[in-house]
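Heads up, protein17.txt below (compact mmCIF, C-alpha atoms):
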```txt
# COMPACT_ATOMS: atom_id res chain seq x y z
CA MET H 1 94.84 -29.03 90.59
CA ARG H 2 96.98 -30.28 87.72
CA LEU H 3 96.90 -33.80 89.11
CA LEU H 4 93.13 -33.65 89.43
CA MET H 5 92.82 -32.41 85.85
CA PHE H 6 95.08 -35.24 84.74
CA LEU H 7 93.01 -37.83 86.60
CA ILE H 8 89.68 -36.51 85.33
CA ILE H 9 90.54 -35.95 81.66
CA VAL H 10 93.64 -37.83 80.55
CA ILE H 11 93.22 -41.18 82.34
CA PRO H 12 89.62 -41.80 81.16
CA ALA H 13 90.59 -40.79 77.60
CA LEU H 14 93.47 -43.28 77.66
CA GLU H 15 91.21 -45.95 79.14
CA ILE H 16 88.63 -45.45 76.38
CA GLY H 17 91.33 -45.66 73.72
CA ILE H 18 92.74 -48.88 75.16
CA LEU H 19 89.26 -50.38 75.53
CA ILE H 20 88.48 -49.58 71.88
CA LEU H 21 91.82 -51.06 70.81
CA SER H 22 91.18 -54.15 72.90
CA GLY H 23 87.67 -54.49 71.50
CA ASN H 24 89.04 -54.32 67.96
CA THR H 25 91.87 -56.76 68.75
CA ILE H 26 90.22 -59.52 70.80
CA GLY H 27 86.58 -58.59 70.29
CA PRO H 28 83.98 -56.79 72.37
CA ILE H 29 82.68 -59.79 74.33
CA PRO H 30 86.14 -60.99 75.50
CA THR H 31 86.99 -57.39 76.42
CA VAL H 32 83.86 -57.02 78.57
CA LEU H 33 84.46 -60.44 80.15
CA LEU H 34 88.06 -59.47 80.91
CA ILE H 35 86.90 -56.27 82.60
CA ILE H 36 84.37 -58.22 84.68
CA LEU H 37 86.99 -60.85 85.55
CA THR H 38 89.49 -58.25 86.76
CA GLY H 39 86.76 -56.64 88.88
CA VAL H 40 85.80 -59.95 90.52
CA VAL H 41 89.39 -61.09 91.08
CA GLY H 42 90.29 -57.62 92.35
CA ALA H 43 87.41 -57.58 94.83
CA TRP H 44 88.40 -61.02 96.13
CA LEU H 45 92.06 -60.03 96.42
CA ALA H 46 91.22 -56.72 98.10
CA LYS H 47 89.07 -58.54 100.66
CA LYS H 48 91.81 -61.10 101.33
CA GLN H 49 94.57 -58.49 101.65
CA GLY H 50 92.32 -56.19 103.69
CA LEU H 51 91.53 -58.90 106.24
CA GLU H 52 95.22 -59.80 106.48
CA THR H 53 96.13 -56.15 107.05
CA LEU H 54 93.41 -55.82 109.69
CA ARG H 55 94.81 -58.88 111.45
CA LYS H 56 98.31 -57.35 111.38
CA ALA H 57 97.01 -54.07 112.79
CA GLN H 58 95.20 -55.87 115.61
CA GLN H 59 98.33 -57.88 116.38
CA GLU H 60 100.46 -54.73 116.51
CA MET H 61 97.95 -53.05 118.84
CA GLN H 62 97.97 -56.11 121.13
CA PHE H 63 101.71 -55.61 121.54
CA GLY H 64 101.17 -51.92 122.32
CA GLN H 65 102.48 -50.64 119.00
CA ILE H 66 100.89 -48.07 116.73
CA PRO H 67 99.85 -49.83 113.49
CA GLY H 68 101.33 -47.16 111.20
CA MET H 69 102.45 -49.36 108.31
CA ALA H 70 99.29 -51.44 108.55
CA ILE H 71 97.28 -48.25 108.08
CA ILE H 72 99.37 -47.36 105.01
CA ASP H 73 98.83 -50.90 103.69
CA GLY H 74 95.11 -50.52 104.28
CA LEU H 75 95.09 -47.22 102.40
CA CYS H 76 96.92 -48.82 99.46
CA ILE H 77 94.50 -51.75 99.47
CA LEU H 78 91.51 -49.40 99.54
CA ILE H 79 92.83 -47.37 96.61
CA GLY H 80 93.75 -50.55 94.72
CA GLY H 81 90.31 -52.04 95.28
CA VAL H 82 88.57 -48.90 94.05
CA LEU H 83 90.80 -48.79 90.97
CA LEU H 84 90.02 -52.43 90.19
CA LEU H 85 86.29 -51.75 90.32
CA THR H 86 86.77 -48.92 87.80
CA PRO H 87 86.52 -50.33 84.26
CA GLY H 88 89.75 -50.03 82.32
CA PHE H 89 93.12 -51.67 81.91
CA ILE H 90 95.31 -48.84 83.22
CA THR H 91 93.38 -48.55 86.48
CA ASP H 92 93.31 -52.36 86.79
CA THR H 93 97.08 -52.54 86.42
CA VAL H 94 97.69 -49.88 89.08
CA GLY H 95 95.04 -51.49 91.29
CA PHE H 96 96.70 -54.91 91.12
CA LEU H 97 100.09 -53.33 91.83
CA LEU H 98 98.64 -51.78 94.98
CA LEU H 99 97.09 -55.06 96.13
CA PHE H 100 100.12 -57.34 95.86
CA PRO H 101 102.38 -56.92 98.92
CA TYR H 102 105.68 -56.91 97.00
CA SER H 103 104.68 -54.16 94.57
CA ARG H 104 102.73 -52.30 97.27
CA ASN H 105 105.99 -51.98 99.23
CA LYS H 106 107.40 -50.02 96.27
CA PHE H 107 104.49 -47.54 96.44
CA LYS H 108 104.50 -47.03 100.23
CA PRO H 109 107.56 -44.71 100.38
CA ILE H 110 105.96 -42.50 97.71
CA LEU H 111 102.71 -42.41 99.67
CA LEU H 112 104.51 -41.66 102.93
CA THR H 113 106.46 -38.82 101.31
CA THR H 114 103.24 -37.38 99.89
CA ILE H 115 101.48 -37.57 103.26
CA ARG H 116 104.45 -35.92 105.02
CA LYS H 117 104.48 -33.08 102.49
CA MET H 118 100.74 -32.58 102.96
CA ILE H 119 101.22 -32.48 106.74
CA ASP H 120 104.06 -29.95 106.38
CA LYS H 121 101.84 -27.73 104.19
CA ASN H 122 99.00 -28.01 106.76
CA GLN H 123 96.77 -29.74 104.24
CA ILE H 124 96.33 -32.62 106.71
CA THR H 125 95.73 -32.01 110.39
CA ILE H 126 96.59 -34.65 112.96
CA ILE H 127 94.46 -34.45 116.10
CA ARG H 128 95.93 -36.14 119.16
```

Write the structure described by the file as structure tokens, please.
Amino acid sequence: MRLLMFLIIVIPALEIGILILSGNTIGPIPTVLLIILTGVVGAWLAKKQGLETLRKAQQEMQFGQIPGMAIIDGLCILIGGVLLLTPGFITDTVGFLLLFPYSRNKFKPILLTTIRKMIDKNQITIIR
């Protein structure tokens, strides 16, 4: 609940503050254009990374393997893409970090630990 409160109240407030600061520093039109540019580049990058991850998952399944890490990559790409479509510089930064493979690999252990804890607490049910 605390995390949800943080995401709903604090992050948008910080985003608004940074957008106002950016508007005062570089001007409102460049700020809006920068937000649009990050959204377009982010959508393109998310599509590219998503298709590559889908190809990896299909390749792993052809060899009879479970595409576990490809699914985690896909989840990171999905979250990153959504964050890039959200206007703001903080969400754009986190979104880009989740889309680039090198930085995404730094987030995957955190995500895996979180998923394991949720499974242990019966917050996620795996149906086989």

Quiz item: With distances taken over only C-alpha atoms, which of H:Val41, H:Ile72, H:Ile77, H:Ile110 is nearest to Leu98 in chain H?
Solution: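 Once distances to Leu98 in chain H are computed over only C-alpha atoms, the minimum belongs to H:Ile77.
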
Exercise. Could you tell me how far CA of Asn105 in chain H lies from CA of Ala70 in chain H, in Å and to one decimal?
Key: 11.5 Å

Near Gly39 in chain H, counting only C-alpha atoms, which residues have an atom at most 12 Å away, once you skip same-chain residues fewer than 5 positions from it, shown as an mmCIF file with C-alpha atoms, in the coordinates of the input?
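File produced: part_1.cif:
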```cif
data_model
loop_
_atom_site.group_PDB
_atom_site.id
_atom_site.type_symbol
_atom_site.label_atom_id
_atom_site.label_comp_id
_atom_site.auth_asym_id
_atom_site.auth_seq_id
_atom_site.Cartn_x
_atom_site.Cartn_y
_atom_site.Cartn_z
ATOM 1 C CA VAL H 32 83.860 -57.020 78.570
ATOM 2 C CA LEU H 33 84.460 -60.440 80.150
ATOM 3 C CA LEU H 34 88.060 -59.470 80.910
ATOM 4 C CA TRP H 44 88.400 -61.020 96.130
ATOM 5 C CA LEU H 45 92.060 -60.030 96.420
ATOM 6 C CA ALA H 46 91.220 -56.720 98.100
ATOM 7 C CA GLY H 80 93.750 -50.550 94.720
ATOM 8 C CA GLY H 81 90.310 -52.040 95.280
ATOM 9 C CA VAL H 82 88.570 -48.900 94.050
ATOM 10 C CA LEU H 83 90.800 -48.790 90.970
ATOM 11 C CA LEU H 84 90.020 -52.430 90.190
ATOM 12 C CA LEU H 85 86.290 -51.750 90.320
ATOM 13 C CA THR H 86 86.770 -48.920 87.800
ATOM 14 C CA PRO H 87 86.520 -50.330 84.260
ATOM 15 C CA GLY H 88 89.750 -50.030 82.320
ATOM 16 C CA PHE H 89 93.120 -51.670 81.910
ATOM 17 C CA THR H 91 93.380 -48.550 86.480
ATOM 18 C CA ASP H 92 93.310 -52.360 86.790
ATOM 19 C CA THR H 93 97.080 -52.540 86.420
ATOM 20 C CA GLY H 95 95.040 -51.490 91.290
ATOM 21 C CA PHE H 96 96.700 -54.910 91.120
#
```

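The space separating CA of Phe100 in chain H from CA of Lys48 in chain H comes to 10.6 Å.
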
Quiz prompt | Nearby residues (only C-alpha atoms) at most 9 Å from Ile90 in chain H, same-chain spacing under 4 positions excluded, as a list in words | solution =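 So the residues in contact are Ile11, Leu14, Glu15, Ile18, Leu83, Val94 and Gly95 of chain H.
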
Quiz item: What does the distance between CA of Ile16 in chain H and CA of Ala43 in chain H come to in Å, to one decimal place?
Solution: 22.1 Å

Practice problem: Would you be able to write out as a PyMOL selection string which residues have an atom within 6 Å of (92.4, -53.2, 103.3) in the file's coordinates, counting all atoms listed in the file? | Solution: chain H and resi 49-50+74+77-78

Self-check item: Surrounding residues of Ile71 in chain H excluding itself and chain neighbours under 4 positions, 9 Å, only C-alpha atoms, as an MDAnalysis selection string
Solution: chainID H and resid 53:54 57 67 75:76

Return range 46-62 of chain H, completed with N, CA, C and O atoms, as a short mmCIF file (atom, residue, chain, number, x, y, z; two decimals), in the coordinates of the input.
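The result, written out as out.cif:
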```cif
data_model
loop_
_atom_site.label_atom_id
_atom_site.label_comp_id
_atom_site.auth_asym_id
_atom_site.auth_seq_id
_atom_site.Cartn_x
_atom_site.Cartn_y
_atom_site.Cartn_z
N ALA H 46 91.29 -57.85 97.17
CA ALA H 46 91.22 -56.72 98.10
C ALA H 46 90.66 -57.17 99.45
O ALA H 46 91.16 -56.76 100.50
N LYS H 47 89.64 -58.03 99.41
CA LYS H 47 89.07 -58.54 100.66
C LYS H 47 90.11 -59.36 101.42
O LYS H 47 90.29 -59.19 102.63
N LYS H 48 90.80 -60.25 100.71
CA LYS H 48 91.81 -61.10 101.33
C LYS H 48 92.94 -60.27 101.94
O LYS H 48 93.32 -60.46 103.09
N GLN H 49 93.48 -59.33 101.16
CA GLN H 49 94.57 -58.49 101.65
C GLN H 49 94.09 -57.57 102.77
O GLN H 49 94.83 -57.30 103.71
N GLY H 50 92.87 -57.07 102.66
CA GLY H 50 92.32 -56.19 103.69
C GLY H 50 92.18 -56.90 105.03
O GLY H 50 92.52 -56.34 106.08
N LEU H 51 91.68 -58.14 105.00
CA LEU H 51 91.53 -58.90 106.24
C LEU H 51 92.89 -59.23 106.84
O LEU H 51 93.07 -59.18 108.06
N GLU H 52 93.87 -59.52 105.99
CA GLU H 52 95.22 -59.80 106.48
C GLU H 52 95.83 -58.55 107.12
O GLU H 52 96.46 -58.62 108.18
N THR H 53 95.62 -57.41 106.51
CA THR H 53 96.13 -56.15 107.05
C THR H 53 95.44 -55.81 108.37
O THR H 53 96.09 -55.34 109.31
N LEU H 54 94.15 -56.06 108.44
CA LEU H 54 93.41 -55.82 109.69
C LEU H 54 93.95 -56.72 110.80
O LEU H 54 94.14 -56.27 111.93
N ARG H 55 94.25 -57.97 110.47
CA ARG H 55 94.81 -58.88 111.45
C ARG H 55 96.17 -58.39 111.94
O ARG H 55 96.47 -58.41 113.13
N LYS H 56 97.00 -57.89 111.00
CA LYS H 56 98.31 -57.35 111.38
C LYS H 56 98.17 -56.14 112.29
O LYS H 56 98.91 -55.99 113.26
N ALA H 57 97.22 -55.26 111.97
CA ALA H 57 97.01 -54.07 112.79
C ALA H 57 96.56 -54.46 114.20
O ALA H 57 97.04 -53.89 115.19
N GLN H 58 95.65 -55.42 114.30
CA GLN H 58 95.20 -55.87 115.61
C GLN H 58 96.34 -56.49 116.41
O GLN H 58 96.47 -56.26 117.62
N GLN H 59 97.19 -57.25 115.72
CA GLN H 59 98.33 -57.88 116.38
C GLN H 59 99.31 -56.82 116.89
O GLN H 59 99.81 -56.92 118.01
N GLU H 60 99.56 -55.80 116.08
CA GLU H 60 100.46 -54.73 116.51
C GLU H 60 99.89 -53.99 117.71
O GLU H 60 100.61 -53.63 118.65
N MET H 61 98.57 -53.75 117.71
CA MET H 61 97.95 -53.05 118.84
C MET H 61 97.98 -53.91 120.10
O MET H 61 98.09 -53.37 121.21
N GLN H 62 97.88 -55.23 119.96
CA GLN H 62 97.97 -56.11 121.13
C GLN H 62 99.34 -56.00 121.80
O GLN H 62 99.46 -56.17 123.01
#
```
